[in-house]
Every structure is written in structure tokens, then in C-alpha cells.
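J.: Take a look at the following structure, please.
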Amino acid sequence: MLAIVARRFDTLRPVRIEIDRGFIAGLTPVPDQEGLPLVAPGLVDLQINGYGGVEFNDPQLTVEKVRRVALSQDPFGVTSFLATLTTDSHAVFAQALAVIARAIGQSGEVAARIPGIHLEGPFISPDDGPRGAHPREHVRPPDWDEFARLQDLAQGRIKLLTISPEYDGAADLIRKAAKTGVLVAIGHTKATADQINAAVDAGARMSTHLGNGAHPQIRRHPNYIWDQLADDRLVASLITDGHHLPPAVVKSMVRAKAPERIVLVSDITSMGGMPPGKYHTGLGELEVLPSGKLVPAGQPEILAGASLAMNVCVANVMRFAGVDLPTAIGMASMRPAELIGIRGHVLDVGAAANLFMFDLPAADSPDRLVVRATVNQGSIVFGRV
Ligand SMILES: [Zn+2]
């Protein structure tokens, strides 16, 4: 039995949380005391490409490498995330999907943290801009048979598919994938309003990192950003790392969509935690700029992913969009959990004990929640309680 005393993230009331066999067994009010951390359901990140020099798009991916990335997010309060694979050859996908599925099957530590896989590509736009840092040579039109083969290799673990609806066959693939329970997202696209509408009619329910994976310059209207922003059937994921979207865009998108249709993602890559410089990766030559911005080498205008984690994204959305803590936690925890079918991800008796304890941003680090401890399935995996 583990007991935690902390201040609830939603009511700010101090509570004693009793944890037994991985679940919240008791939750009782206690007298106030100074210095208590806040507590909230663990953060859920739908887009993690790797960390600390390891990327999931690795032809030599191993179960041990998957395990390292799985554990790497504990210090950031993340209790669940989707291992994300970006556009690559069928051979690399086949290998990586099989290894990730094996890691989940073999390792309790991995299974506790990685509920599934986000396949971002390969059925995306070939155009510079929308394609982002995905290698053009591996971009291909939608192919249901290939997706079905990949899903088999992944042992059914692909929970989220990002696809561009700019192809004729896209709506058909979206319909089939959505029918099998996969969450389908529109992303890395130059689709028209009609194509976006057809994709949503076919079952697409999310926009992947809206406002990124786009041309540097587009017609003011209509365009694929407004079209997705205006469709209430689409939840938008936003990378609020401070580099991918300016604060005014984050604020406008949160207001336009309403917070219940926003989820935060880090899009963190193997460059997370790495010093500035050029690196050879599965996405080609990448460069970490002194500002922390991650770009294809020599193309400082085009982003190639992120290096900051969810505790930063939560703090930023509070500052940029002027939302309160419970709203920001909803975008980074409960809402993404619901989207991928994690049930009962709440701070309540009976819920799985996936929690994190934290302080609000401090004066010397205004851009991040200060994580004090993370509890995954009832075990302390980071810090002290
Ligand atoms: Zn992307």
C-alpha cells in the first residue's frame, strides 16, 4: 500500500490517495499543509518518435531500445504514450513494428507505458512543406493491403494512423481503418476542403499537429488549416513546445476549436536531450539549433520534430492560450487517453494509479511544470512521494 498526500489539480484541495495493487483504493480530504505538490492523472502523449539518441525508426531497433525510450518519459510525468513511426520503407516499418509489439508483449515496463503505436505516414503528401521531414522517397499513396499487413506485424497495436486525404483512395482506406477501431488523423497534407470533408465523413477524427506539416506560405483562405479548424468533428493535436507554433496561433486555435477538441503532443524525437549540432538519423541529416529548434540540416525554416516533453507543452498552453491548469491537464491527459481507448483515466477511486506530482512553473523555469514524482500502475517510477 502506497499513500500520497497532494493537492488535487482540479479543486486544489489536499487529499490523501491510497494506492493498492495498481489502483486508487482511497481518496480522502486531509487538512491543508504547506509545500504540497499538485497531483493529476498522468500525461498521455500520442506522438513520441524516440528519445536520448534512440528512435523508433531504426532498422536495428531492439526490445532493449524500446524499453529505454519507454522509461525515458517518466521524469516528465508521462504515464502512457504512443510509439510513433514516421514514413519509411516497408522493410523498416515491418521490423520496427514487430520489435515494438514484441517489447510490449515481453516487458511489463514497456506494456505499462506504451499502449500502442502511431503510424505517421507513409500515405502523406509528397510536397515540400506538408511532407515536413519525412523522406520523399518513401511517401506513397494509400494502400489498404499494406496497412493491413503492417497492422498484422504490429499484432494489432497500431492505434493511430496519420494520413493525407489528398489521394483518391484515401477516404476508402480511412473508412476501413476506422471500422477496425483505429483512430485516423489527417496530417502532412495539402488536401482540399472537399477532400478533408470526405475524410471526416469516412471516419477521420483528428488533425495531427495542426498548423505544422504545412507549406511555409499558403493562400490566406480557403486552406487546409481553416478547413480542419472549422470542423467540429475533428480534434486537433498541437505541438506547444514553443517552437512549432507561435503563442498567438496556439491561443487562436484553442479558442476556435474549444479546449475539449484540443490534445497536446510533444512530437519528441531521438534528439530530445541532445546538444546543438548535426546528427545523422532515420529522417536524414538533422540539426539541433542553439535555440533547441530541430530542423533538417541547412533548412532552418522547416521543423523536423521536437526535443521538449509534455511537461513543457502543458505549461506553454497555459501561458499561450490563457487556460487554467485543469483545462491544460485535460488536453494532455484525459482527452488523449479517451481518444485511444484508455478508459477511466481520472483521479478517482477505482482508477488505475497512473499519476504525477508536480509544482506549477517556477520563476526560474516558467516554461515547464516541475515534476516531483511519477506513479505508473501503482509504482513510483520517478522521484519521491
Ligand atoms: Zn509530423
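Ordering of the C-alpha cells sets the chain letters (A, B, ...), residue numbers begin anew at 1 in every chain, and ligands are numbered from 1 in the order given.
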All residues within 12 Å of ligand 1 are required, counting only C-alpha atoms and all ligand atoms; please report them as a PyMOL selection string.
T.: chain A and resi 46-49+84-87+118-122+124-125+129-135+161-164+185-189+207-214+237-239+244+265-269+283+302-306
J.: Quick one: contact table of range 72-142 of chain A to range 335-358 of chain A, 10 Å max, nearest atom pair and distance in Å to one decimal per residue, counting only C-alpha atoms, chain and number order, as CSV?
T.:
residue,atom,partner,partner_atom,distance
A:Asp74,CA,A:Phe356,CA,9.2
A:Pro75,CA,A:Phe356,CA,9.4
A:Phe76,CA,A:Phe356,CA,8.7
A:Gly77,CA,A:Phe356,CA,5.2
A:Val78,CA,A:Phe356,CA,7.9
A:Thr79,CA,A:Asn354,CA,6.2
A:Ser80,CA,A:Ala337,CA,8.3
A:Phe81,CA,A:Ala337,CA,9.1
A:Leu82,CA,A:Ile340,CA,9.2
A:Ala112,CA,A:Asn354,CA,9.5
A:Arg113,CA,A:Asn354,CA,9.8
A:Pro115,CA,A:Ile342,CA,8.4
A:Gly116,CA,A:Ile340,CA,8.6
J.: Let me see the file: selected residues, N, CA and C atoms, as a PDB file, in the first residue's frame.
T.:
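Dumped to again30.pdb:
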ATOM      1  N   ASP A  74       9.308   8.998 -17.977  1.00  0.00           N
ATOM      2  CA  ASP A  74       8.892   9.024 -16.565  1.00  0.00           C
ATOM      3  C   ASP A  74       9.180  10.370 -15.889  1.00  0.00           C
ATOM      4  N   PRO A  75      10.356  10.978 -16.107  1.00  0.00           N
ATOM      5  CA  PRO A  75      10.645  12.242 -15.405  1.00  0.00           C
ATOM      6  C   PRO A  75       9.760  13.407 -15.838  1.00  0.00           C
ATOM      7  N   PHE A  76       8.996  13.223 -16.915  1.00  0.00           N
ATOM      8  CA  PHE A  76       8.166  14.322 -17.415  1.00  0.00           C
ATOM      9  C   PHE A  76       6.697  14.171 -17.031  1.00  0.00           C
ATOM     10  N   GLY A  77       6.386  13.158 -16.222  1.00  0.00           N
ATOM     11  CA  GLY A  77       5.001  12.963 -15.795  1.00  0.00           C
ATOM     12  C   GLY A  77       4.142  12.215 -16.799  1.00  0.00           C
ATOM     13  N   VAL A  78       4.790  11.693 -17.840  1.00  0.00           N
ATOM     14  CA  VAL A  78       4.053  10.953 -18.875  1.00  0.00           C
ATOM     15  C   VAL A  78       3.913   9.500 -18.422  1.00  0.00           C
ATOM     16  N   THR A  79       2.683   9.008 -18.362  1.00  0.00           N
ATOM     17  CA  THR A  79       2.484   7.614 -17.945  1.00  0.00           C
ATOM     18  C   THR A  79       2.108   6.706 -19.109  1.00  0.00           C
ATOM     19  N   SER A  80       1.638   7.273 -20.216  1.00  0.00           N
ATOM     20  CA  SER A  80       1.337   6.466 -21.408  1.00  0.00           C
ATOM     21  C   SER A  80       1.686   7.278 -22.643  1.00  0.00           C
ATOM     22  N   PHE A  81       2.231   6.592 -23.668  1.00  0.00           N
ATOM     23  CA  PHE A  81       2.436   7.293 -24.936  1.00  0.00           C
ATOM     24  C   PHE A  81       2.400   6.318 -26.096  1.00  0.00           C
ATOM     25  N   LEU A  82       2.121   6.860 -27.274  1.00  0.00           N
ATOM     26  CA  LEU A  82       2.147   6.044 -28.480  1.00  0.00           C
ATOM     27  C   LEU A  82       3.550   6.116 -29.096  1.00  0.00           C
ATOM     28  N   ALA A 112       3.280  -1.199 -19.648  1.00  0.00           N
ATOM     29  CA  ALA A 112       2.646  -0.230 -18.753  1.00  0.00           C
ATOM     30  C   ALA A 112       2.672   1.179 -19.336  1.00  0.00           C
ATOM     31  N   ARG A 113       3.628   1.424 -20.230  1.00  0.00           N
ATOM     32  CA  ARG A 113       3.820   2.798 -20.722  1.00  0.00           C
ATOM     33  C   ARG A 113       3.426   2.996 -22.180  1.00  0.00           C
ATOM     34  N   PRO A 115       0.796   1.905 -24.777  1.00  0.00           N
ATOM     35  CA  PRO A 115      -0.429   1.170 -25.099  1.00  0.00           C
ATOM     36  C   PRO A 115      -0.572   0.876 -26.585  1.00  0.00           C
ATOM     37  N   GLY A 116       0.258   1.488 -27.422  1.00  0.00           N
ATOM     38  CA  GLY A 116       0.121   1.229 -28.847  1.00  0.00           C
ATOM     39  C   GLY A 116       1.044   2.101 -29.666  1.00  0.00           C
TER      40      GLY A 116
END
J.: One decimal, in Å: what's the spacing between CA of Gln217 in chain A and CA of Val254 in chain A?
T.: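 Interatomic distance here is 21.9 Å.
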J.: Range 139-316 of chain A: which residues are strand (DSSP E or B) by DSSP, as a VMD selection string?
T.: chain A and resid 158 to 163 183 to 186 206 to 207 235 to 239 262 to 265 268 277 to 281 284 to 288 294 to 296 306
J.: Pick out the residues sitting within 6 Å of range 12-29 of chain A, and hand them over as a list in words; count only C-alpha atoms, and ignore anything fewer than 3 positions along from it in its own chain.
T.: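 Here the qualifying residues turn out to be Met1, Leu2, Ala3, Ile4, Val5, Ala6, Arg7, Arg8, Phe9, Asp32, Val349, Gly350, Ala351, Ala352, Ala353, Gln377 and Gly378 of chain A.
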J.: Pick out the residues sitting within 8 Å of Val370 in chain A, and hand them over as a CSV table (one decimal) with N, CA, C and O atoms, in the first residue's frame; count only C-alpha atoms, and ignore anything fewer than 5 positions along from it in its own chain.
T.:
chain,number,residue,atom,x,y,z
A,311,ASN,N,5.7,18.0,-20.1
A,311,ASN,CA,5.6,19.0,-19.0
A,311,ASN,C,5.8,20.4,-19.5
A,311,ASN,O,5.3,21.4,-18.9
A,358,PHE,N,3.5,17.3,-9.1
A,358,PHE,CA,4.3,18.4,-9.7
A,358,PHE,C,4.0,19.7,-9.0
A,358,PHE,O,3.0,19.9,-8.3
A,359,ASP,N,4.8,20.7,-9.4
A,359,ASP,CA,4.6,22.1,-9.0
A,359,ASP,C,4.4,22.9,-10.2
A,359,ASP,O,4.9,22.6,-11.3
A,360,LEU,N,3.7,24.0,-10.1
A,360,LEU,CA,3.5,24.9,-11.2
A,360,LEU,C,4.8,25.5,-11.6
A,360,LEU,O,5.8,25.5,-10.8
A,361,PRO,N,4.9,26.1,-12.8
A,361,PRO,CA,6.2,26.6,-13.3
A,361,PRO,C,6.8,27.6,-12.2
A,361,PRO,O,6.1,28.4,-11.7
A,362,ALA,N,8.1,27.5,-12.0
A,362,ALA,CA,8.8,28.4,-11.1
A,362,ALA,C,9.3,29.6,-11.8
A,362,ALA,O,9.4,29.5,-13.1
J.: DSSP on the backbone: which residues in range 187-374 of chain A end up as helix (DSSP H, G or I)? Give the answer as JSON, numbers by chain.
T.: {"A": [193, 194, 195, 196, 197, 198, 199, 200, 201, 224, 225, 226, 227, 228, 229, 230, 247, 248, 249, 250, 251, 252, 253, 254, 255, 256, 257, 259, 260, 261, 310, 311, 312, 313, 314, 315, 316, 317, 318, 319, 320, 321, 325, 326, 327, 328, 329, 330, 331, 332, 333, 334, 335, 336, 337, 338, 339]}
J.: Using only C-alpha atoms, which residues sit within 10 Å of range 61-66 of chain A once same-chain residues fewer than 3 positions away are excluded, as a JSON list (two decimals) with C-alpha atoms, in the first residue's frame?
T.:
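As a result, selection-v7.json now contains:
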[["chain", "number", "residue", "atom", "x", "y", "z"],
["A", 50, "GLY", "CA", 12.17, 8.41, -29.68],
["A", 51, "TYR", "CA", 14.40, 9.94, -27.05],
["A", 53, "GLY", "CA", 19.58, 9.11, -29.21],
["A", 54, "VAL", "CA", 17.13, 6.23, -29.80],
["A", 55, "GLU", "CA", 14.47, 6.49, -32.48],
["A", 56, "PHE", "CA", 11.70, 4.02, -33.23],
["A", 57, "ASN", "CA", 12.51, 4.39, -36.98],
["A", 58, "ASP", "CA", 15.67, 2.36, -36.53],
["A", 69, "VAL", "CA", 12.53, 5.11, -24.70],
["A", 70, "ALA", "CA", 9.56, 3.77, -22.73],
["A", 71, "LEU", "CA", 11.26, 4.66, -19.42],
["A", 72, "SER", "CA", 12.64, 7.97, -20.72],
["A", 83, "ALA", "CA", 5.43, 4.87, -30.02],
["A", 92, "VAL", "CA", 11.93, -0.70, -41.78],
["A", 95, "GLN", "CA", 10.99, -4.68, -38.49],
["A", 96, "ALA", "CA", 10.16, -1.78, -36.13],
["A", 97, "LEU", "CA", 6.50, -2.73, -35.72],
["A", 98, "ALA", "CA", 7.38, -6.32, -34.92],
["A", 99, "VAL", "CA", 10.02, -5.25, -32.38],
["A", 100, "ILE", "CA", 7.72, -2.75, -30.66],
["A", 101, "ALA", "CA", 4.93, -5.35, -30.48],
["A", 102, "ARG", "CA", 7.41, -7.87, -29.04],
["A", 103, "ALA", "CA", 8.65, -5.32, -26.48],
["A", 104, "ILE", "CA", 5.09, -4.69, -25.32],
["A", 106, "GLN", "CA", 7.68, -9.29, -23.28],
["A", 107, "SER", "CA", 8.24, -6.36, -20.94],
["A", 110, "VAL", "CA", 7.02, -1.31, -21.73],
["A", 114, "ILE", "CA", 3.22, 2.08, -24.42]]
J.: Which polymer residues have any atom within 7 Å of an atom of Leu153 in chain A, counting only C-alpha atoms, with same-chain residues fewer than 2 positions away left out, as a PDB file with C-alpha atoms, in the first residue's frame?
T.:
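Okay, selection_12.pdb is ready:
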ATOM      1  CA  ALA A  94       7.937  -4.285 -40.725  1.00  0.00           C
ATOM      2  CA  LEU A  97       6.502  -2.732 -35.720  1.00  0.00           C
ATOM      3  CA  ALA A  98       7.383  -6.323 -34.917  1.00  0.00           C
ATOM      4  CA  ARG A 149      -0.025  -6.217 -43.397  1.00  0.00           C
ATOM      5  CA  LEU A 150       1.632  -3.644 -41.135  1.00  0.00           C
ATOM      6  CA  GLN A 151      -1.157  -3.926 -38.591  1.00  0.00           C
ATOM      7  CA  GLN A 155      -0.074  -7.523 -33.657  1.00  0.00           C
TER       8      GLN A 155
END
